[in-house]
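Engineer: File name upload-v3.txt; file contents compact mmCIF, C-alpha atoms; full text below.
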```txt
# COMPACT_ATOMS: atom_id res chain seq x y z
CA MET A 1 0.00 0.00 0.00
CA VAL A 2 1.37 3.41 -0.97
CA CYS A 3 1.46 5.72 2.04
CA ARG A 4 0.23 9.17 1.08
CA VAL A 5 0.98 10.33 4.62
CA HIS A 6 4.67 9.64 4.11
CA GLU A 7 4.65 11.73 0.96
CA LYS A 8 3.12 14.68 2.82
CA CYS A 9 5.18 14.30 6.01
CA SER A 10 8.56 13.04 4.84
CA ALA A 11 10.24 15.18 7.48
CA MET A 12 8.46 13.35 10.32
CA SER A 13 10.23 10.46 11.99
CA ASN A 14 8.57 7.06 12.42
CA ASN A 15 8.73 7.59 16.18
CA THR A 16 6.70 10.78 15.90
CA VAL A 17 4.00 9.06 13.87
CA THR A 18 3.97 6.14 16.31
CA TRP A 19 3.61 8.41 19.34
CA LEU A 20 0.84 10.36 17.65
CA ILE A 21 -1.14 7.17 16.96
CA VAL A 22 -0.54 5.75 20.45
CA ARG A 23 -1.56 9.04 22.05
CA PHE A 24 -4.75 9.16 20.01
CA PHE A 25 -5.77 5.64 21.03
CA ALA A 26 -4.65 5.99 24.63
CA THR A 27 -6.30 9.36 25.35
CA GLY A 28 -9.02 9.95 22.76
CA GLU A 29 -7.75 13.47 22.11
CA SER A 30 -9.32 15.33 19.22
CA TYR A 31 -7.44 15.84 15.97
CA ARG A 32 -7.14 19.55 16.73
CA SER A 33 -5.54 18.89 20.10
CA LEU A 34 -3.11 16.38 18.59
CA ALA A 35 -2.26 18.78 15.77
CA PHE A 36 -1.42 21.49 18.29
CA SER A 37 0.68 19.13 20.44
CA PHE A 38 2.68 17.75 17.50
CA ARG A 39 2.81 21.06 15.59
CA LEU A 40 1.01 19.66 12.58
CA GLY A 41 -1.86 20.82 10.46
CA PHE A 42 -5.35 19.58 11.29
CA SER A 43 -5.85 17.83 7.94
CA THR A 44 -2.38 16.25 8.12
CA THR A 45 -3.09 14.85 11.58
CA ARG A 46 -6.42 13.45 10.42
CA GLU A 47 -4.85 11.76 7.39
CA ILE A 48 -2.03 10.27 9.48
CA VAL A 49 -4.41 8.69 12.02
CA GLU A 50 -6.92 7.41 9.47
CA GLU A 51 -4.41 5.99 7.02
CA VAL A 52 -2.26 4.34 9.68
CA CYS A 53 -5.38 2.70 11.14
CA GLU A 54 -6.26 1.37 7.69
CA VAL A 55 -2.74 -0.03 7.28
CA ILE A 56 -2.87 -1.63 10.76
CA TRP A 57 -6.12 -3.39 9.91
CA LYS A 58 -4.95 -4.67 6.52
CA THR A 59 -1.56 -5.77 7.85
CA LEU A 60 -2.46 -7.30 11.21
CA ARG A 61 -5.84 -8.85 10.45
CA PRO A 62 -4.42 -11.89 8.58
CA ILE A 63 -2.02 -12.48 11.50
CA TYR A 64 -4.11 -11.76 14.59
CA MET A 65 -7.69 -12.17 13.36
CA PRO A 66 -7.59 -14.79 10.58
CA LYS A 67 -10.68 -16.56 9.32
CA PRO A 68 -11.17 -19.58 11.62
CA THR A 69 -10.81 -23.09 10.24
CA LYS A 70 -12.62 -26.16 11.51
CA GLU A 71 -9.60 -26.94 13.68
CA ASP A 72 -9.69 -23.41 15.12
CA TRP A 73 -13.36 -23.78 16.08
CA GLN A 74 -12.60 -27.08 17.80
CA LYS A 75 -9.74 -25.49 19.74
CA ILE A 76 -11.98 -22.59 20.83
CA SER A 77 -14.63 -25.08 21.94
CA ARG A 78 -12.13 -27.07 24.02
CA GLU A 79 -10.94 -23.88 25.74
CA TYR A 80 -14.48 -22.76 26.57
CA LYS A 81 -15.13 -26.15 28.14
CA GLU A 82 -11.87 -26.10 30.12
CA LEU A 83 -11.98 -22.46 31.26
CA TRP A 84 -15.69 -21.61 31.41
CA ASN A 85 -17.40 -25.04 31.73
CA PHE A 86 -19.53 -24.66 28.61
CA PRO A 87 -19.01 -27.49 26.07
CA ASN A 88 -19.52 -27.09 22.30
CA CYS A 89 -19.19 -23.31 22.60
CA ILE A 90 -17.37 -21.54 19.75
CA GLY A 91 -17.53 -18.01 21.11
CA ALA A 92 -19.35 -15.35 23.10
CA LEU A 93 -21.27 -12.75 21.08
CA ASP A 94 -22.30 -9.22 21.97
CA GLY A 95 -22.51 -5.67 20.67
CA LYS A 96 -20.83 -2.54 22.01
CA HIS A 97 -21.88 1.04 21.26
CA ILE A 98 -18.97 3.26 20.19
CA ASN A 99 -20.02 6.81 21.03
CA ILE A 100 -19.42 9.43 18.35
CA GLN A 101 -20.32 13.07 17.76
CA ARG A 102 -23.59 13.62 15.95
CA PRO A 103 -22.82 12.99 12.26
CA ILE A 104 -23.45 15.66 9.65
CA ASN A 105 -26.94 15.05 8.20
CA GLY A 106 -27.10 11.86 10.28
CA GLY A 107 -30.63 12.46 11.53
CA SER A 108 -31.73 9.90 14.13
CA ALA A 109 -30.01 6.90 12.51
CA TYR A 110 -27.14 6.91 15.00
CA PHE A 111 -29.20 7.91 18.05
CA ASN A 112 -29.27 4.93 20.43
CA TYR A 113 -31.42 3.90 23.38
CA LYS A 114 -28.91 5.43 25.79
CA GLY A 115 -29.54 8.90 24.37
CA ALA A 116 -26.21 9.18 22.56
CA ASN A 117 -25.01 8.87 18.97
CA SER A 118 -23.05 5.72 18.22
CA ILE A 119 -22.04 3.00 15.84
CA VAL A 120 -22.14 -0.66 16.88
CA LEU A 121 -19.17 -2.99 17.27
CA LEU A 122 -20.47 -6.58 17.03
CA ALA A 123 -17.86 -9.07 18.21
CA LEU A 124 -17.41 -12.81 18.65
CA VAL A 125 -14.79 -13.53 21.32
CA ASP A 126 -12.81 -16.66 22.19
CA ALA A 127 -12.14 -18.02 25.69
CA HIS A 128 -9.04 -15.81 26.11
CA TYR A 129 -10.77 -12.45 25.40
CA LYS A 130 -9.51 -12.25 21.82
CA PHE A 131 -11.77 -11.18 18.96
CA ILE A 132 -12.51 -14.00 16.53
CA THR A 133 -14.41 -11.76 14.14
CA VAL A 134 -15.89 -8.27 14.30
CA ASP A 135 -18.48 -6.25 12.42
CA VAL A 136 -18.35 -2.45 12.71
CA GLY A 137 -20.43 0.45 11.47
CA SER A 138 -24.10 -0.36 11.99
CA TYR A 139 -26.36 2.48 13.09
CA GLY A 140 -26.60 2.97 16.84
CA ARG A 141 -30.39 2.84 16.77
CA ASN A 142 -30.33 -0.82 15.64
CA SER A 143 -30.66 -3.62 18.19
CA ASP A 144 -27.91 -6.18 18.65
CA GLY A 145 -30.15 -8.85 17.16
CA HIS A 146 -30.78 -6.76 14.05
CA VAL A 147 -27.07 -5.99 13.64
CA PHE A 148 -26.25 -9.70 13.95
CA ALA A 149 -28.86 -10.72 11.38
CA LYS A 150 -27.46 -8.25 8.83
CA SER A 151 -23.80 -9.00 9.56
CA ALA A 152 -21.55 -11.24 7.50
CA LEU A 153 -21.21 -13.53 10.54
CA GLY A 154 -24.98 -13.89 10.95
CA LYS A 155 -25.51 -14.61 7.27
CA ALA A 156 -22.65 -17.13 7.16
CA LEU A 157 -24.04 -19.02 10.16
CA ALA A 158 -27.57 -19.04 8.78
CA ASN A 159 -26.33 -20.44 5.46
CA GLY A 160 -23.92 -22.95 6.99
CA ARG A 161 -20.84 -21.35 5.41
CA LEU A 162 -18.64 -20.95 8.50
CA ASP A 163 -16.88 -24.34 8.45
CA VAL A 164 -18.14 -25.14 11.96
CA PRO A 165 -17.49 -28.77 13.04
CA PRO A 166 -20.40 -31.23 12.82
CA VAL A 167 -22.70 -31.97 15.75
CA THR A 168 -20.94 -33.69 18.64
CA PRO A 169 -22.23 -35.26 21.91
CA ILE A 170 -21.39 -33.28 25.03
CA GLU A 171 -21.50 -36.41 27.21
CA GLU A 172 -20.61 -40.03 26.68
CA ASN A 173 -23.28 -41.90 24.70
CA GLY A 174 -25.36 -38.70 24.57
CA ASP A 175 -27.26 -37.19 21.68
CA PRO A 176 -25.23 -35.12 19.19
CA ILE A 177 -25.40 -31.40 19.97
CA PRO A 178 -24.43 -28.60 17.53
CA PHE A 179 -21.64 -26.15 18.26
CA VAL A 180 -23.10 -22.87 19.44
CA MET A 181 -22.31 -19.29 20.37
CA VAL A 182 -23.59 -17.78 23.62
CA ALA A 183 -25.28 -14.38 23.87
CA ASP A 184 -27.66 -12.34 26.01
CA GLU A 185 -31.41 -11.88 25.65
CA ALA A 186 -30.98 -9.19 22.97
CA PHE A 187 -30.22 -11.94 20.44
CA PRO A 188 -32.60 -14.52 18.96
CA LEU A 189 -32.53 -18.17 19.97
CA LYS A 190 -31.13 -20.27 17.13
CA SER A 191 -29.74 -23.77 16.81
CA TYR A 192 -26.29 -22.16 16.63
CA LEU A 193 -26.96 -19.31 19.10
CA MET A 194 -27.93 -19.82 22.74
CA ARG A 195 -29.60 -17.10 24.81
CA PRO A 196 -30.79 -17.33 28.44
CA TYR A 197 -34.24 -18.46 29.49
CA SER A 198 -36.49 -15.45 30.05
CA ARG A 199 -37.32 -14.46 33.61
CA ALA A 200 -40.95 -15.35 33.00
CA THR A 201 -40.01 -19.02 32.48
CA LEU A 202 -37.74 -19.37 35.52
CA GLY A 203 -40.18 -19.62 38.41
CA GLY A 204 -39.12 -22.60 40.52
CA ASN A 205 -37.27 -24.28 37.66
CA GLU A 206 -33.75 -24.81 39.01
CA GLY A 207 -32.60 -26.35 35.72
CA ASN A 208 -33.37 -23.16 33.81
CA LYS A 209 -31.58 -21.09 36.43
CA ILE A 210 -28.54 -23.33 36.34
CA PHE A 211 -28.44 -23.05 32.54
CA ASN A 212 -28.64 -19.25 32.78
CA TYR A 213 -25.82 -19.24 35.32
CA ARG A 214 -23.56 -21.43 33.17
CA LEU A 215 -24.35 -19.40 30.05
CA SER A 216 -23.66 -16.17 31.93
CA CYS A 217 -20.24 -17.45 32.99
CA ALA A 218 -19.33 -18.13 29.36
CA ARG A 219 -21.01 -15.03 27.93
CA ARG A 220 -19.30 -12.52 30.21
CA VAL A 221 -16.04 -13.24 28.36
CA VAL A 222 -17.16 -10.89 25.58
CA GLU A 223 -18.13 -8.21 28.10
CA ASN A 224 -14.70 -8.55 29.70
CA ALA A 225 -13.09 -8.22 26.28
CA PHE A 226 -14.96 -4.96 25.66
CA GLY A 227 -13.88 -3.74 29.10
CA ILE A 228 -10.23 -4.54 28.37
CA LEU A 229 -10.49 -2.80 24.99
CA SER A 230 -11.97 0.36 26.53
CA ASN A 231 -9.49 0.51 29.40
CA ARG A 232 -6.52 -0.13 27.16
CA TRP A 233 -7.64 2.35 24.46
CA ARG A 234 -9.42 5.19 26.22
CA VAL A 235 -10.52 6.68 22.91
CA PHE A 236 -13.54 4.38 23.39
CA ARG A 237 -14.44 6.12 26.63
CA THR A 238 -15.03 9.43 24.83
CA ASN A 239 -17.33 10.76 22.16
CA ILE A 240 -15.09 10.28 19.15
CA GLN A 241 -15.09 13.57 17.24
CA ILE A 242 -14.91 11.97 13.81
CA GLN A 243 -17.41 11.03 11.12
CA PRO A 244 -18.67 7.41 11.22
CA LYS A 245 -16.85 6.15 8.12
CA SER A 246 -13.51 7.11 9.65
CA VAL A 247 -14.43 5.65 13.04
CA ASP A 248 -14.87 2.21 11.47
CA ASN A 249 -11.16 1.94 10.58
CA ILE A 250 -10.15 3.16 14.03
CA VAL A 251 -12.26 0.46 15.73
CA LEU A 252 -10.98 -2.27 13.41
CA ALA A 253 -7.37 -1.26 14.02
CA ALA A 254 -7.92 -1.19 17.80
CA CYS A 255 -9.38 -4.71 17.72
CA CYS A 256 -6.33 -6.03 15.87
CA LEU A 257 -3.97 -4.31 18.32
CA HIS A 258 -6.03 -5.76 21.19
CA ASN A 259 -5.54 -9.31 19.85
CA MET A 260 -1.84 -8.70 19.37
CA LEU A 261 -1.41 -7.51 22.96
CA CYS A 262 -3.54 -10.37 24.30
CA GLN A 263 -0.81 -12.76 23.22
CA SER A 264 1.70 -11.16 25.57
CA HIS A 265 2.85 -13.18 28.57
CA ASP A 266 1.74 -10.57 31.10
CA PHE A 267 -1.83 -10.59 29.85
CA GLN A 268 -2.03 -14.37 29.97
CA LEU A 269 -0.93 -14.30 33.61
CA ARG A 270 -3.67 -11.81 34.43
CA GLY A 271 -6.15 -14.01 32.59
CA ASN A 272 -5.11 -17.04 34.61
CA SER A 273 -5.46 -15.01 37.80
CA THR A 274 -8.98 -14.03 36.80
CA GLN A 275 -9.82 -17.65 36.04
CA ARG A 276 -8.53 -18.65 39.47
CA SER A 277 -10.91 -16.11 41.03
CA PHE A 278 -13.81 -17.70 39.18
CA GLU A 279 -12.74 -21.14 40.35
CA ILE A 280 -12.67 -19.96 43.96
CA ARG A 281 -16.14 -18.47 43.62
CA ASP A 282 -17.40 -21.74 42.13
CA LYS A 283 -16.02 -23.61 45.14
CA PHE A 284 -18.03 -21.32 47.39
CA LYS A 285 -21.09 -21.98 45.23
CA ASP A 286 -20.61 -25.75 45.53
CA PHE A 287 -20.18 -25.44 49.29
CA PHE A 288 -23.34 -23.34 49.63
CA SER A 289 -25.23 -26.04 47.73
CA SER A 290 -23.84 -28.94 49.74
CA SER A 291 -25.47 -30.59 52.73
CA VAL A 292 -22.79 -29.07 54.97
CA GLY A 293 -22.92 -25.47 53.74
CA ALA A 294 -26.57 -25.02 52.76
CA VAL A 295 -28.97 -22.95 54.85
CA PRO A 296 -32.63 -24.04 54.92
CA TRP A 297 -34.09 -20.82 53.53
CA GLN A 298 -31.93 -20.48 50.40
CA TYR A 299 -34.04 -22.84 48.29
CA GLU A 300 -37.23 -21.15 49.42
CA MET A 301 -35.79 -17.81 48.27
CA ILE A 302 -35.00 -19.26 44.83
CA TRP A 303 -38.44 -20.83 44.54
CA ARG A 304 -40.03 -17.48 45.30
CA GLY A 305 -38.20 -16.02 42.35
CA ARG A 306 -36.20 -13.49 44.34
CA ILE A 307 -32.94 -14.87 42.96
CA ASN A 308 -33.35 -15.25 39.21
CA ASP A 309 -29.81 -15.77 37.97
```
Before anything else, please render the file you have as C-alpha cells.
Structural biologist:
Amino acid sequence: MVCRVHEKCSAMSNNTVTWLIVRFFATGESYRSLAFSFRLGFSTTREIVEEVCEVIWKTLRPIYMPKPTKEDWQKISREYKELWNFPNCIGALDGKHINIQRPINGGSAYFNYKGANSIVLLALVDAHYKFITVDVGSYGRNSDGHVFAKSALGKALANGRLDVPPVTPIEENGDPIPFVMVADEAFPLKSYLMRPYSRATLGGNEGNKIFNYRLSCARRVVENAFGILSNRWRVFRTNIQIQPKSVDNIVLAACCLHNMLCQSHDFQLRGNSTQRSFEIRDKFKDFFSSSVGAVPWQYEMIWRGRIND
C-alpha cells in the first residue's frame, strides 16, 4: 500500500508518527488537540491517524484475526469447556456502542437507546478475550439482534458457510449437539446461538436457572473483552469527534492491536489469575449447595423467584 501520509510528512520520523497514533488511542484526544501538540496541520493529523489505522487493519488482520478453520473452532470449543465449563461453545457474542459526535446530516439513525449517537461494534470472542471476528459500522439505533442478522457472521451461520465442526455429543453416549455461540437476551434463539431463558419461564425451575448461570459465565467473556479494549484504548471512553466512516477503521485497528497484545505473557498471567478467582467463587457456590454449607431458607428464596440468575 502506498502511504500518502509519508509523501506529505517526509520530514516526520517514524517515532513521531507512532507516538501520535498511540496518544490518540490511549487518550481519545481530538485531531485539533493532537495537531497542536505535535505542531502539525489539522488535515495532516487526520490523514495520518486514518491511514495508519487502515494499514494496521490490513496488515495485522491476517495475522491476529484470521478466518477460523474447523480446527480453530474445535480449539476454541475445548478452551471454553476447560476455562468456562460450557461445552460445544465456539464463542461469546455481543454488541458494544462506540459513542461518536452527531454525524453531519445523520438524523436519528445513530441515536441509540442510551440517548447518545453511536455506531455498533459486534464481536465474537474466544475463551481468552480475543476477537474471533468483528463487524463495525451499523447504526446505533439498531438492536444487537438486528445488527447480527445483517452482519456477514450472521448470514454465514444461517447459510452454513462458517466451516463449523459437525454436531458432537457433550456427554458419553449422549445425543449429538451442535456447536453454538452464547449471547444475552438481545439476540434470537437459534440452533447455533444460545440465549438465556427469560425471567418469565424461571419460576421454581432450578434447571433453567442453572443453565442461565452457566451461560452467563461463558457469555461474560465478551463483556470482559470490551472492558479490556476500553481501558486499554481510552478513545472508546469518549465521544469520538470523527465522522462514522472514519471511526470504522479506528475500531478495526484497535481490535487487531487488542488481539496482538492479548498474546503477551503478562496478559495471559492476568487471565489465569482471573480464572482462578472464578474457580474460587465456584467452590463457594458448591459449598453453599452442599449438605454441609446449605442454609434451609436459600431454596425457598430461589423458589419465590427473588434470585433469578
Engineer: Report as a Markdown table: every residue of region 152-199 of chain A with an atom at most 10 Å from region 109-124 of chain A, its closest pair of atoms, and their distance in Å to one decimal, counting only C-alpha atoms, with rows sorted by chain and ascending residue number.
Structural biologist:
```
| residue | atom | partner | partner_atom | distance |
| --- | --- | --- | --- | --- |
| A:Leu153 | CA | A:Leu124 | CA | 9.0 |
| A:Met181 | CA | A:Leu124 | CA | 8.3 |
| A:Val182 | CA | A:Leu124 | CA | 9.4 |
| A:Ala183 | CA | A:Leu124 | CA | 9.6 |
```
Engineer: Would you list the contacts of region 224-233 of chain A as a VMD selection string, taking every protein, DNA or RNA residue within 6 Å and counting all atoms listed in the file, but skipping same-chain residues closer than 3 positions in sequence?
Structural biologist: chain A and resid 25 to 26 129 221 236
Engineer: Would you work out the distance separating CA of Thr168 (chain A) from CA of Pro87 (chain A), expressed in Å to one decimal?
Structural biologist: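 Those two atoms sit 9.9 Å apart.
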Engineer: Could you please determine the separation between CA of Asn14 (chain A) and CA of Lys130 (chain A) in Å, to one decimal place?
Structural biologist: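 It comes out at 28.1 Å.
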Engineer: Could you give me, as a list of chain:residue names, the residues within 9 Å of Arg195 (chain A), counting all atoms listed in the file and dropping anything in the same chain fewer than 5 positions from it?
Structural biologist: A:Met181, A:Val182, A:Ala183, A:Asp184, A:Glu185, A:Ala186, A:Phe187, A:Pro188, A:Leu189, A:Lys190, A:Asn212, A:Leu215
Engineer: Mind checking which residues fall within 9 Å of Trp57 (chain A), counting only C-alpha atoms, ignoring those fewer than 5 positions away in the same chain, and posting them as a PyMOL selection string?
Structural biologist: chain A and resi 52+62+249-250+252-257
Engineer: Using all atoms listed in the file, which of A:Glu171, A:Glu79, A:Asp94, A:Glu29 sits nearest Arg237 (chain A)?
Structural biologist: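 The shortest atom-to-atom distance to Arg237 (chain A) comes from A:Glu29.
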